[in-house]
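data16.cif, holding mmCIF, C-alpha atoms:
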data_target
#
loop_
_atom_site.label_atom_id
_atom_site.label_comp_id
_atom_site.auth_asym_id
_atom_site.auth_seq_id
_atom_site.Cartn_x
_atom_site.Cartn_y
_atom_site.Cartn_z
CA MET A 1 -19.58 -0.41 4.04
CA LYS A 2 -15.79 -0.15 4.19
CA GLU A 3 -13.84 2.63 2.52
CA ILE A 4 -12.68 0.94 -0.68
CA ARG A 5 -10.25 2.25 -3.28
CA LEU A 6 -9.23 0.94 -6.68
CA SER A 7 -5.61 0.78 -7.79
CA ASP A 8 -5.25 2.53 -11.12
CA ASN A 9 -2.35 0.27 -12.22
CA SER A 10 -0.82 3.30 -13.96
CA ASN A 11 -3.84 3.33 -16.30
CA PRO A 12 -6.01 6.02 -14.74
CA ASN A 13 -8.69 6.61 -17.36
CA ILE A 14 -10.30 3.18 -17.01
CA VAL A 15 -10.12 3.12 -13.23
CA PHE A 16 -11.41 6.63 -12.65
CA GLU A 17 -14.56 5.73 -14.59
CA LEU A 18 -15.10 2.73 -12.33
CA SER A 19 -14.41 4.81 -9.23
CA LYS A 20 -17.05 7.32 -10.23
CA LYS A 21 -19.51 4.58 -11.20
CA TYR A 22 -19.35 2.96 -7.77
CA ASN A 23 -18.40 6.01 -5.68
CA LEU A 24 -14.99 4.58 -4.68
CA GLY A 25 -11.59 6.09 -3.99
CA VAL A 26 -8.41 5.55 -6.01
CA GLU A 27 -4.78 4.63 -5.47
CA ILE A 28 -2.52 6.38 -7.98
CA GLN A 29 0.34 4.11 -9.03
CA SER A 30 1.88 5.85 -12.04
CA PHE A 31 4.45 7.68 -9.91
CA HIS A 32 5.96 4.50 -8.51
CA ASP A 33 8.24 5.10 -11.51
CA PRO A 34 10.24 8.14 -10.34
CA TYR A 35 11.24 8.97 -13.92
CA ILE A 36 7.84 8.76 -15.55
CA THR A 37 7.45 12.50 -16.01
CA LYS A 38 10.55 12.53 -18.25
CA ASN A 39 8.59 10.51 -20.80
CA LYS A 40 5.21 11.94 -19.87
CA PRO A 41 5.81 15.56 -18.85
CA ASP A 42 2.08 16.34 -18.78
CA LEU A 43 1.13 13.40 -16.57
CA LYS A 44 0.52 15.40 -13.39
CA GLN A 45 -1.74 17.76 -15.28
CA GLU A 46 -3.64 14.79 -16.68
CA TYR A 47 -4.18 13.49 -13.15
CA LYS A 48 -5.25 16.91 -11.91
CA TYR A 49 -7.84 17.02 -14.67
CA LEU A 50 -9.14 13.56 -13.76
CA LEU A 51 -9.19 14.47 -10.07
CA LYS A 52 -11.21 17.63 -10.65
CA ASP A 53 -14.46 17.29 -8.71
CA PHE A 54 -13.28 13.91 -7.34
CA TYR A 55 -14.01 13.89 -3.63
CA LYS A 56 -13.42 10.30 -2.58
CA GLY A 57 -10.23 9.07 -0.86
CA LYS A 58 -6.96 9.29 -2.78
CA SER A 59 -3.67 7.54 -2.11
CA LEU A 60 -0.34 7.49 -3.93
CA HIS A 61 2.08 4.58 -4.32
CA ALA A 62 5.67 5.73 -3.82
CA PRO A 63 8.72 4.53 -5.79
CA PHE A 64 10.17 1.30 -4.41
CA TRP A 65 12.79 -0.03 -6.82
CA ASP A 66 16.04 -0.81 -4.91
CA LEU A 67 15.07 1.41 -1.97
CA ASN A 68 15.94 0.56 1.63
CA ILE A 69 15.56 3.09 4.44
CA GLY A 70 17.48 0.84 6.85
CA SER A 71 20.46 0.33 4.56
CA LYS A 72 23.98 0.68 5.94
CA VAL A 73 25.03 2.29 2.64
CA ASP A 74 24.62 6.07 2.78
CA ASP A 75 23.97 6.46 -0.93
CA ILE A 76 21.11 3.96 -0.81
CA TYR A 77 19.60 5.62 2.25
CA ASN A 78 19.93 9.11 0.72
CA THR A 79 18.33 7.96 -2.53
CA THR A 80 15.51 6.33 -0.56
CA ILE A 81 14.77 9.60 1.25
CA LYS A 82 14.93 11.48 -2.04
CA MET A 83 12.28 9.16 -3.48
CA TYR A 84 10.09 9.42 -0.38
CA ASN A 85 10.30 13.21 -0.64
CA LEU A 86 9.30 12.97 -4.29
CA ALA A 87 6.27 10.86 -3.35
CA TYR A 88 5.33 13.21 -0.52
CA ASN A 89 5.45 16.28 -2.76
CA THR A 90 3.52 14.52 -5.53
CA ALA A 91 0.87 13.48 -3.01
CA LEU A 92 0.51 17.10 -1.92
CA GLU A 93 0.19 18.26 -5.54
CA LEU A 94 -2.54 15.70 -6.23
CA ASP A 95 -4.27 16.20 -2.88
CA CYS A 96 -3.71 12.61 -1.73
CA SER A 97 -4.07 11.91 1.97
CA ASP A 98 -2.01 8.70 2.00
CA VAL A 99 1.27 7.38 0.62
CA ILE A 100 2.10 3.67 0.27
CA VAL A 101 5.78 2.73 0.54
CA HIS A 102 7.46 -0.67 0.53
CA ASN A 103 9.30 -1.59 3.70
CA GLY A 104 12.55 -2.32 1.85
CA TYR A 105 13.75 -5.05 4.20
CA ILE A 106 15.29 -8.11 2.55
CA PRO A 107 15.38 -11.12 4.92
CA ASN A 108 18.73 -12.57 5.95
CA THR A 109 20.75 -9.66 4.56
CA TYR A 110 20.93 -7.64 7.81
CA TRP A 111 20.95 -8.18 11.52
CA GLU A 112 17.25 -7.48 12.05
CA LEU A 113 17.49 -5.41 15.23
CA ALA A 114 20.18 -3.14 13.77
CA TRP A 115 18.08 -2.62 10.63
CA ILE A 116 15.02 -1.73 12.73
CA ASN A 117 17.05 0.73 14.80
CA ARG A 118 18.37 2.53 11.71
CA ALA A 119 14.98 2.54 10.00
CA THR A 120 13.23 3.80 13.14
CA GLU A 121 15.55 6.77 13.56
CA ARG A 122 15.27 7.70 9.89
CA TRP A 123 11.49 7.33 9.73
CA ARG A 124 11.05 9.54 12.80
CA LYS A 125 13.25 12.19 11.22
CA PHE A 126 11.44 11.96 7.89
CA LEU A 127 7.92 12.03 9.37
CA LEU A 128 8.60 15.02 11.60
CA ASN A 129 6.49 17.95 10.37
CA ARG A 130 4.83 15.74 7.73
CA ASN A 131 1.76 14.78 9.74
CA ASN A 132 -0.52 16.06 6.96
CA ILE A 133 0.10 12.79 5.09
CA LYS A 134 -0.24 9.22 6.37
CA PHE A 135 2.47 6.75 5.37
CA PHE A 136 1.61 3.07 5.11
CA ILE A 137 4.48 0.55 5.05
CA GLU A 138 3.79 -2.34 2.70
CA ASN A 139 5.17 -5.83 3.21
CA GLN A 140 6.81 -7.49 0.23
CA PHE A 141 9.49 -10.13 0.90
CA GLU A 142 9.31 -10.37 4.70
CA LEU A 143 9.16 -13.98 5.91
CA ASN A 144 6.77 -13.08 8.73
CA SER A 145 4.99 -10.12 10.26
CA SER A 146 7.37 -9.43 13.15
CA ILE A 147 9.71 -6.88 11.57
CA ILE A 148 6.95 -4.54 10.37
CA CYS A 149 5.17 -4.80 13.72
CA LYS A 150 8.38 -3.96 15.56
CA LEU A 151 9.15 -1.05 13.22
CA ILE A 152 5.69 0.50 13.58
CA ASP A 153 5.80 0.10 17.35
CA GLU A 154 9.26 1.67 17.60
CA VAL A 155 8.47 4.62 15.32
CA ASN A 156 5.22 5.10 17.25
CA MET A 157 3.75 7.98 15.22
CA GLU A 158 0.10 8.51 14.32
CA ASN A 159 0.79 8.91 10.60
CA PHE A 160 2.84 5.69 10.31
CA LYS A 161 0.88 2.45 9.89
CA MET A 162 0.98 -0.75 7.88
CA CYS A 163 -0.25 -1.57 4.39
CA LEU A 164 -0.88 -5.31 4.45
CA ASP A 165 -0.50 -6.74 0.97
CA ILE A 166 -2.24 -10.10 1.28
CA GLY A 167 -0.81 -11.38 -2.01
CA HIS A 168 2.76 -10.65 -0.94
CA ALA A 169 2.20 -12.30 2.42
CA HIS A 170 0.73 -15.39 0.74
CA ALA A 171 3.42 -15.75 -1.93
CA HIS A 172 6.56 -14.69 -0.07
CA SER A 173 6.20 -15.39 3.66
CA ASN A 174 6.15 -18.42 5.93
CA GLU A 175 3.21 -17.04 7.88
CA SER A 176 -0.40 -17.40 6.76
CA VAL A 177 -2.32 -14.30 5.75
CA LEU A 178 -4.73 -14.87 8.64
CA ASP A 179 -1.78 -14.93 11.08
CA TRP A 180 -0.46 -11.70 9.56
CA ILE A 181 -3.82 -10.07 10.21
CA LYS A 182 -4.11 -11.38 13.75
CA ASN A 183 -0.50 -10.52 14.66
CA CYS A 184 -0.52 -7.03 13.12
CA GLY A 185 -4.03 -6.11 14.27
CA ASN A 186 -4.82 -2.41 14.36
CA ARG A 187 -1.36 -1.55 13.08
CA ILE A 188 -2.96 -2.31 9.72
CA GLY A 189 -4.39 0.90 8.30
CA TYR A 190 -4.48 -0.04 4.63
CA VAL A 191 -4.81 -3.30 2.70
CA HIS A 192 -3.95 -4.38 -0.84
CA LEU A 193 -6.43 -7.03 -1.97
CA HIS A 194 -5.62 -9.51 -4.73
CA ASN A 195 -5.05 -13.26 -4.97
CA ASN A 196 -2.47 -15.78 -6.17
CA ASN A 197 -1.55 -19.46 -5.89
CA GLY A 198 1.05 -19.00 -3.18
CA ILE A 199 4.05 -19.02 -5.52
CA LEU A 200 4.00 -15.92 -7.75
CA ASP A 201 2.67 -12.44 -7.02
CA GLU A 202 0.05 -12.67 -9.77
CA HIS A 203 -2.43 -9.95 -8.70
CA ASN A 204 -5.38 -12.12 -9.67
CA LYS A 205 -9.06 -11.41 -9.09
CA ILE A 206 -9.72 -11.59 -5.35
CA ASP A 207 -11.33 -15.05 -5.50
CA GLN A 208 -8.90 -16.52 -8.07
CA GLY A 209 -6.15 -18.26 -6.10
CA THR A 210 -5.50 -20.12 -2.87
CA ILE A 211 -6.17 -17.24 -0.48
CA SER A 212 -9.55 -17.75 1.18
CA ILE A 213 -10.79 -14.23 0.55
CA PHE A 214 -13.92 -14.62 2.67
CA ASP A 215 -11.85 -15.62 5.72
CA VAL A 216 -9.38 -12.78 5.04
CA LEU A 217 -12.03 -10.08 4.81
CA ASP A 218 -13.82 -11.47 7.85
CA SER A 219 -10.57 -11.42 9.83
CA LEU A 220 -9.72 -7.89 8.68
CA GLU A 221 -13.06 -6.66 9.95
CA LEU A 222 -12.38 -8.32 13.29
CA TYR A 223 -8.74 -7.27 13.85
CA ALA A 224 -8.33 -4.11 11.71
CA PRO A 225 -11.84 -2.69 11.34
CA ASN A 226 -10.71 0.82 10.40
CA ALA A 227 -8.37 -0.18 7.58
CA ILE A 228 -8.88 1.12 4.05
CA TRP A 229 -9.21 -1.63 1.45
CA CYS A 230 -7.62 -1.16 -1.96
CA ILE A 231 -8.33 -3.65 -4.74
CA GLU A 232 -5.05 -4.17 -6.58
CA THR A 233 -5.92 -6.62 -9.35
CA SER A 234 -5.49 -6.10 -13.09
CA GLU A 235 -7.84 -3.48 -14.52
CA SER A 236 -9.99 -6.17 -16.16
CA GLU A 237 -10.76 -7.75 -12.76
CA LEU A 238 -11.29 -4.63 -10.63
CA GLU A 239 -15.02 -4.34 -11.17
CA ASN A 240 -15.73 -8.03 -10.61
CA SER A 241 -13.58 -8.04 -7.49
CA TYR A 242 -15.40 -5.03 -6.07
CA LEU A 243 -18.81 -6.58 -6.79
CA LEU A 244 -17.74 -9.77 -4.98
CA ILE A 245 -16.91 -7.73 -1.88
CA LYS A 246 -20.14 -5.74 -2.15
CA ASN A 247 -22.17 -8.95 -2.46
CA MET A 248 -20.47 -10.36 0.64
CA TYR A 249 -21.50 -7.26 2.58
CA ASP A 250 -25.01 -7.14 1.16
CA SER A 251 -25.58 -10.80 2.04
CA GLY A 252 -24.24 -10.32 5.58
CA ASN A 253 -21.37 -12.75 5.05
CA ILE A 254 -18.65 -10.41 6.33
CA PHE A 255 -18.22 -9.88 10.07
CA VAL A 256 -19.61 -6.51 11.23
#
When written as structure tokens, how does the structure in this file appear?
Amino acid sequence: MKEIRLSDNSNPNIVFELSKKYNLGVEIQSFHDPYITKNKPDLKQEYKYLLKDFYKGKSLHAPFWDLNIGSKVDDIYNTTIKMYNLAYNTALELDCSDVIVHNGYIPNTYWELAWINRATERWRKFLLNRNNIKFFIENQFELNSSIICKLIDEVNMENFKMCLDIGHAHAHSNESVLDWIKNCGNRIGYVHLHNNNGILDEHNKIDQGTISIFDVLDSLELYAPNAIWCIETSESELENSYLLIKNMYDSGNIFV
């Protein structure tokens, strides 16, 4: 079966129990807030305790508020790199192999090619000598898949791939989720799985919404067979969502 991880939604105790129950990996999301350790100074130690004797895959979600690596404003770019460095160092401390970062591109606010050129140069510089961690660029407000595909192709580094968030693609873009999968193909190394009704980013159970989850998973197996799947629903729906995927596999209803 696929490598599957559960997003901890900044509530690790519940999710780590589920991960151990089903032998799944985790995505740590607490540190998407870059200031969280000011209020919770012992948080990293709490995670280290939970991660003791935890040998499944581990990923970390980076800060994303107001960040934009392709910005023309130096202060925004410098702050973005500061936050990516924070995520990288936290990932090393917690022995995570992967970091998820939002792309930061806002449609119709930049000349696209110029943004890609700036972002490419800066990503190459940032990733140099950091090949011990894989960075996955997550779509959020992009209207279609082209800009992330172009960015990944231009950066052209082994540790730089795409995190396809199917809920974001469904709610915010003009391109169907199935077209995103087909167009991005093996650029996709990581997937956030949740559902919505095509309007709001609701993070529903994977079969609760207007995304045809069976078709999506089938297409992912066809076009991005090596991608890690991370279930990113609310904590109350994580277990049911995982069992739905497992049942699809066990019944032979997912392309293999």
Using only C-alpha atoms, find each residue in stretch 100-138 of chain A having at least one atom no more than 7 Å away from stretch 163-174 of chain A; report its shortest atom-to-atom pair and that distance in Å (one decimal), rows by chain then rising number, as CSV.
residue,atom,partner,partner_atom,distance
A:Phe136,CA,A:Cys163,CA,5.1
A:Ile137,CA,A:Cys163,CA,5.2
A:Glu138,CA,A:Cys163,CA,4.4
Write to file, as a CSV table (one decimal), in the frame of the given file, the residues of the selection just made, with C-alpha atoms.
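This is the output file selection33.csv:
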chain,number,residue,atom,x,y,z
A,136,PHE,CA,1.6,3.1,5.1
A,137,ILE,CA,4.5,0.6,5.0
A,138,GLU,CA,3.8,-2.3,2.7
(request) Would you translate the PyMOL selection byres ((chain A and resi 89-97) around 8) into the concrete set of residues it matches in this file, as a PyMOL selection string? (result) chain A and resi 44+47-48+51+57-60+85-88+98-99+132-134
Using only C-alpha atoms, please write the residues we just selected to a file, as a PDB file, in the frame of the given file.
ATOM      1  CA  LYS A  44       0.520  15.400 -13.390  1.00  0.00           C
ATOM      2  CA  TYR A  47      -4.180  13.490 -13.150  1.00  0.00           C
ATOM      3  CA  LYS A  48      -5.250  16.910 -11.910  1.00  0.00           C
ATOM      4  CA  LEU A  51      -9.190  14.470 -10.070  1.00  0.00           C
ATOM      5  CA  GLY A  57     -10.230   9.070  -0.860  1.00  0.00           C
ATOM      6  CA  LYS A  58      -6.960   9.290  -2.780  1.00  0.00           C
ATOM      7  CA  SER A  59      -3.670   7.540  -2.110  1.00  0.00           C
ATOM      8  CA  LEU A  60      -0.340   7.490  -3.930  1.00  0.00           C
ATOM      9  CA  ASN A  85      10.300  13.210  -0.640  1.00  0.00           C
ATOM     10  CA  LEU A  86       9.300  12.970  -4.290  1.00  0.00           C
ATOM     11  CA  ALA A  87       6.270  10.860  -3.350  1.00  0.00           C
ATOM     12  CA  TYR A  88       5.330  13.210  -0.520  1.00  0.00           C
ATOM     13  CA  ASP A  98      -2.010   8.700   2.000  1.00  0.00           C
ATOM     14  CA  VAL A  99       1.270   7.380   0.620  1.00  0.00           C
ATOM     15  CA  ASN A 132      -0.520  16.060   6.960  1.00  0.00           C
ATOM     16  CA  ILE A 133       0.100  12.790   5.090  1.00  0.00           C
ATOM     17  CA  LYS A 134      -0.240   9.220   6.370  1.00  0.00           C
TER      18      LYS A 134
END
Which residues, named as in the file, does the PyMOL selection byres ((chain A and resi 131) around 10) pick out? Answer as an mmCIF file with C-alpha atoms, keeping the file's coordinate frame.
data_model
loop_
_atom_site.group_PDB
_atom_site.id
_atom_site.type_symbol
_atom_site.label_atom_id
_atom_site.label_comp_id
_atom_site.auth_asym_id
_atom_site.auth_seq_id
_atom_site.Cartn_x
_atom_site.Cartn_y
_atom_site.Cartn_z
ATOM 1 C CA LEU A 127 7.920 12.030 9.370
ATOM 2 C CA LEU A 128 8.600 15.020 11.600
ATOM 3 C CA ASN A 129 6.490 17.950 10.370
ATOM 4 C CA ARG A 130 4.830 15.740 7.730
ATOM 5 C CA ASN A 132 -0.520 16.060 6.960
ATOM 6 C CA ILE A 133 0.100 12.790 5.090
ATOM 7 C CA LYS A 134 -0.240 9.220 6.370
ATOM 8 C CA PHE A 135 2.470 6.750 5.370
ATOM 9 C CA MET A 157 3.750 7.980 15.220
ATOM 10 C CA GLU A 158 0.100 8.510 14.320
ATOM 11 C CA ASN A 159 0.790 8.910 10.600
ATOM 12 C CA PHE A 160 2.840 5.690 10.310
#
(request) Run the PyMOL selection byres ((chain A and resi 230) around 9) against the file shown and list the residues it catches, as a PyMOL selection string. (result) chain A and resi 3-7+25-27+190-193+228-229+231-232
(request) Would you mind reading off the distance between atom CA of A:Ser241 and atom CA of A:Pro34, one decimal, in Å? (result) 28.9 Å
(request) Rank nothing, just name the residue among A:Thr233, A:Asn247, A:Thr120, A:Asn139 nearest to A:Asp8, using all atoms listed in the file. (result)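 Looking at the shortest contact to A:Asp8, the residue is A:Thr233.
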(request) Can you work out which one of A:Asp250, A:Asp153, A:Glu237, A:Glu142 has the shortest atom-to-atom distance to A:Lys205, counting only C-alpha atoms? (result)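 For A:Lys205, the nearest of the given residues is A:Glu237.
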(request) Calculate how many Å separate atom CA of A:Val216 from atom CA of A:Trp65, rounding to one decimal. (result) 28.2 Å
